[in-house]
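Participant: Pasting structure_28.cif here (mmCIF, C-alpha atoms):
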data_input
loop_
_atom_site.label_atom_id
_atom_site.label_comp_id
_atom_site.auth_asym_id
_atom_site.auth_seq_id
_atom_site.Cartn_x
_atom_site.Cartn_y
_atom_site.Cartn_z
CA MET Y 1 0.00 0.00 0.00
CA ARG Y 2 1.20 3.48 -0.85
CA ILE Y 3 0.28 6.50 1.24
CA ALA Y 4 0.68 10.14 0.18
CA VAL Y 5 0.86 12.94 2.75
CA LEU Y 6 0.00 16.25 1.11
CA ASP Y 7 1.02 19.83 1.88
CA ASP Y 8 3.37 19.11 4.77
CA TYR Y 9 4.86 22.62 4.46
CA GLN Y 10 6.65 22.37 7.80
CA GLY Y 11 8.01 18.86 7.30
CA VAL Y 12 6.47 17.57 10.52
CA ALA Y 13 4.11 14.79 9.37
CA LEU Y 14 6.48 11.90 9.94
CA THR Y 15 7.44 13.09 13.44
CA SER Y 16 3.96 14.17 14.57
CA ALA Y 17 2.57 10.64 14.62
CA ASP Y 18 3.76 7.08 15.01
CA TRP Y 19 3.80 5.65 11.48
CA SER Y 20 5.41 2.34 12.50
CA PRO Y 21 2.13 0.36 12.56
CA VAL Y 22 1.81 0.94 8.80
CA THR Y 23 5.42 1.27 7.66
CA GLY Y 24 6.67 -1.59 9.81
CA HIS Y 25 3.79 -4.01 9.35
CA PRO Y 26 5.28 -7.54 9.25
CA THR Y 27 3.31 -8.81 6.24
CA ARG Y 28 2.03 -5.69 4.46
CA PRO Y 29 4.37 -2.76 5.03
CA CYS Y 30 3.26 0.52 3.53
CA THR Y 31 5.35 3.23 1.95
CA VAL Y 32 4.69 6.82 2.95
CA ASP Y 33 5.61 9.66 0.59
CA VAL Y 34 5.47 13.19 1.96
CA PHE Y 35 4.91 16.16 -0.34
CA ARG Y 36 5.88 19.55 1.06
CA ASP Y 37 4.69 21.54 -1.96
CA HIS Y 38 1.11 22.34 -2.92
CA VAL Y 39 -0.44 21.21 -6.19
CA HIS Y 40 -3.31 23.49 -7.16
CA GLU Y 41 -4.30 22.27 -10.62
CA PRO Y 42 -6.73 19.30 -10.52
CA ALA Y 43 -5.04 17.48 -13.43
CA ALA Y 44 -1.63 17.76 -11.78
CA LEU Y 45 -3.11 16.61 -8.46
CA VAL Y 46 -4.66 13.55 -10.11
CA SER Y 47 -1.34 12.77 -11.78
CA ARG Y 48 0.44 12.97 -8.44
CA LEU Y 49 -2.09 10.85 -6.56
CA GLU Y 50 -2.84 8.12 -9.12
CA PRO Y 51 -0.37 5.59 -7.67
CA TYR Y 52 -1.64 5.95 -4.09
CA ASP Y 53 -4.11 3.85 -2.10
CA ALA Y 54 -4.43 6.38 0.73
CA VAL Y 55 -4.01 10.13 1.05
CA VAL Y 56 -3.47 12.17 4.20
CA VAL Y 57 -4.48 15.81 3.82
CA MET Y 58 -3.47 18.66 6.10
CA ARG Y 59 -6.69 20.46 6.97
CA GLU Y 60 -8.24 22.28 3.97
CA ARG Y 61 -4.99 22.94 2.09
CA THR Y 62 -5.78 20.65 -0.87
CA PRO Y 63 -9.42 20.29 -1.93
CA LEU Y 64 -10.54 16.85 -3.07
CA PRO Y 65 -13.64 17.59 -5.19
CA ARG Y 66 -15.71 15.06 -7.11
CA GLU Y 67 -13.78 15.60 -10.37
CA VAL Y 68 -10.49 14.68 -8.66
CA LEU Y 69 -11.81 11.74 -6.62
CA ALA Y 70 -13.56 10.23 -9.66
CA ARG Y 71 -10.22 9.96 -11.46
CA LEU Y 72 -8.35 8.21 -8.62
CA ALA Y 73 -9.31 4.58 -9.24
CA ARG Y 74 -6.78 3.19 -6.77
CA LEU Y 75 -7.67 5.50 -3.85
CA ARG Y 76 -9.48 3.78 -0.95
CA LEU Y 77 -8.79 6.01 2.07
CA VAL Y 78 -8.57 9.74 2.79
CA VAL Y 79 -7.48 10.87 6.25
CA THR Y 80 -7.74 14.51 7.26
CA THR Y 81 -6.15 16.19 10.24
CA GLY Y 82 -9.08 17.23 12.40
CA ARG Y 83 -12.62 15.90 12.61
CA ARG Y 84 -14.15 17.60 9.59
CA ASN Y 85 -12.86 18.93 6.32
CA PRO Y 86 -15.30 20.77 4.05
CA SER Y 87 -12.81 20.70 1.15
CA ILE Y 88 -13.35 16.94 0.68
CA ASP Y 89 -16.42 15.92 -1.31
CA THR Y 90 -17.52 13.17 1.06
CA ASP Y 91 -20.55 12.23 -1.05
CA ALA Y 92 -18.33 11.64 -4.09
CA ALA Y 93 -15.87 9.71 -1.93
CA THR Y 94 -18.63 7.46 -0.58
CA GLU Y 95 -19.96 6.82 -4.09
CA ALA Y 96 -16.44 5.85 -5.21
CA GLY Y 97 -15.93 3.50 -2.25
CA ILE Y 98 -13.39 5.78 -0.59
CA THR Y 99 -13.44 5.92 3.21
CA VAL Y 100 -12.94 9.41 4.68
CA CYS Y 101 -11.94 9.78 8.30
CA GLY Y 102 -10.26 12.32 10.55
CA THR Y 103 -7.90 12.53 13.46
CA GLU Y 104 -8.68 13.83 16.92
CA SER Y 105 -9.15 17.56 17.20
CA LEU Y 106 -7.21 19.57 19.72
CA ALA Y 107 -10.02 21.62 21.20
CA SER Y 108 -7.64 23.83 23.17
CA ALA Y 109 -5.45 24.86 20.21
CA PRO Y 110 -7.65 27.70 18.86
CA ALA Y 111 -8.06 29.23 22.32
CA GLU Y 112 -4.32 28.97 23.02
CA LEU Y 113 -3.46 30.57 19.69
CA THR Y 114 -5.96 33.36 20.34
CA TRP Y 115 -4.31 34.16 23.67
CA ALA Y 116 -0.84 34.03 22.12
CA LEU Y 117 -1.97 36.61 19.56
CA VAL Y 118 -3.61 38.81 22.21
CA LEU Y 119 -0.45 38.77 24.35
CA GLY Y 120 1.75 39.39 21.31
CA LEU Y 121 -0.30 42.46 20.38
CA ALA Y 122 -0.50 43.80 23.93
CA ARG Y 123 3.27 43.50 24.42
CA HIS Y 124 4.29 44.53 20.86
CA LEU Y 125 6.10 41.22 20.53
CA VAL Y 126 6.72 41.23 16.76
CA PRO Y 127 8.14 44.77 16.44
CA GLU Y 128 10.23 44.35 19.59
CA ALA Y 129 11.64 40.98 18.48
CA THR Y 130 12.39 42.44 15.05
CA GLY Y 131 14.18 45.39 16.66
CA VAL Y 132 16.37 43.12 18.79
CA ARG Y 133 17.29 41.02 15.74
CA GLU Y 134 18.32 44.22 13.98
CA GLY Y 135 20.60 45.19 16.87
CA GLY Y 136 18.22 47.52 18.65
CA TRP Y 137 16.53 47.38 22.01
CA GLN Y 138 13.11 48.06 23.46
CA THR Y 139 11.33 50.93 21.69
CA THR Y 140 7.75 50.56 22.98
CA VAL Y 141 6.00 49.93 26.25
CA GLY Y 142 3.68 46.95 26.40
CA ARG Y 143 0.19 47.14 27.81
CA ASP Y 144 -1.04 45.20 30.84
CA LEU Y 145 -4.13 43.14 30.25
CA ALA Y 146 -5.31 43.27 33.86
CA GLY Y 147 -8.48 45.33 34.02
CA HIS Y 148 -8.85 45.46 30.23
CA THR Y 149 -10.50 42.14 29.60
#
Show me the file's structure as structure tokens.
Facilitator:
Amino acid sequence: MRIAVLDDYQGVALTSADWSPVTGHPTRPCTVDVFRDHVHEPAALVSRLEPYDAVVVMRERTPLPREVLARLARLRLVVTTGRRNPSIDTDAATEAGITVCGTESLASAPAELTWALVLGLARHLVPEATGVREGGWQTTVGRDLAGHT
């Protein structure tokens, strides 16, 4: 079985999960190919994915519409990071006998990112970090959040 991992821009797919149950299977080992670039054109995407039995997509980065899924005769499984992915035509996948499933969602991640952004804005983190990298030092005064939330 061949597995394609799409749009792994950061190169973290193979270290973010334990792939050994599929790559090290004693009787049916799978090969995993990771693609760090994005293929936008449907024809080019079909060409890339034709030899694969399974595809792992990173969120909504690469849409899998009906016209793409219909041309992937070998494809049997699509896994998306997260519980739902509106860029996958699940009706077309079901009609083609392709199973679509997702990974666990990290419910705390959006809230944590929101607070990181709030703190970064309140403390002028980006301009201050840029200034230090350029040889400068503190040029602004951050704002306390206490009493402002």
Participant: Kindly give the distance, in Å, that separates CA of Gly24 in chain Y and CA of Arg83 in chain Y, rounded to a single decimal.
Facilitator: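 We find that CA of Gly24 in chain Y and CA of Arg83 in chain Y lie 26.2 Å from each other.
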Participant: Find the residues with any atom within 7 Å of (-2.2, 14.7, 11.4); use only C-alpha atoms and the coordinates as given in the file, and write the answer as an NGL selection string.
Facilitator: :Y and (13 or 16 or 58 or 80-81 or 103)
Participant: Report as an MDAnalysis selection string the residues that result from applying the PyMOL selection byres ((chain Y and resi 1) around 9) to the structure here.
Facilitator: chainID Y and resid 2:3 28:32 52:54
Participant: Just how far from CA of Tyr9 in chain Y is CA of Val126 in chain Y, in Å to one decimal?
Facilitator: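 The value is 22.4 Å.
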Participant: Quick check, in Å to one decimal: how far apart do CA of Ser87 in chain Y and CA of Pro65 in chain Y lie?
Facilitator: 7.1 Å
Participant: Between Y:Leu117, Y:Ala122, Y:Leu72, Y:Val56, which has the minimum distance to Val100 in chain Y (counting all atoms listed in the file)?
Facilitator: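 Comparing Y:Leu117, Y:Ala122, Y:Leu72, Y:Val56 against Val100 in chain Y, the winner is Y:Val56.
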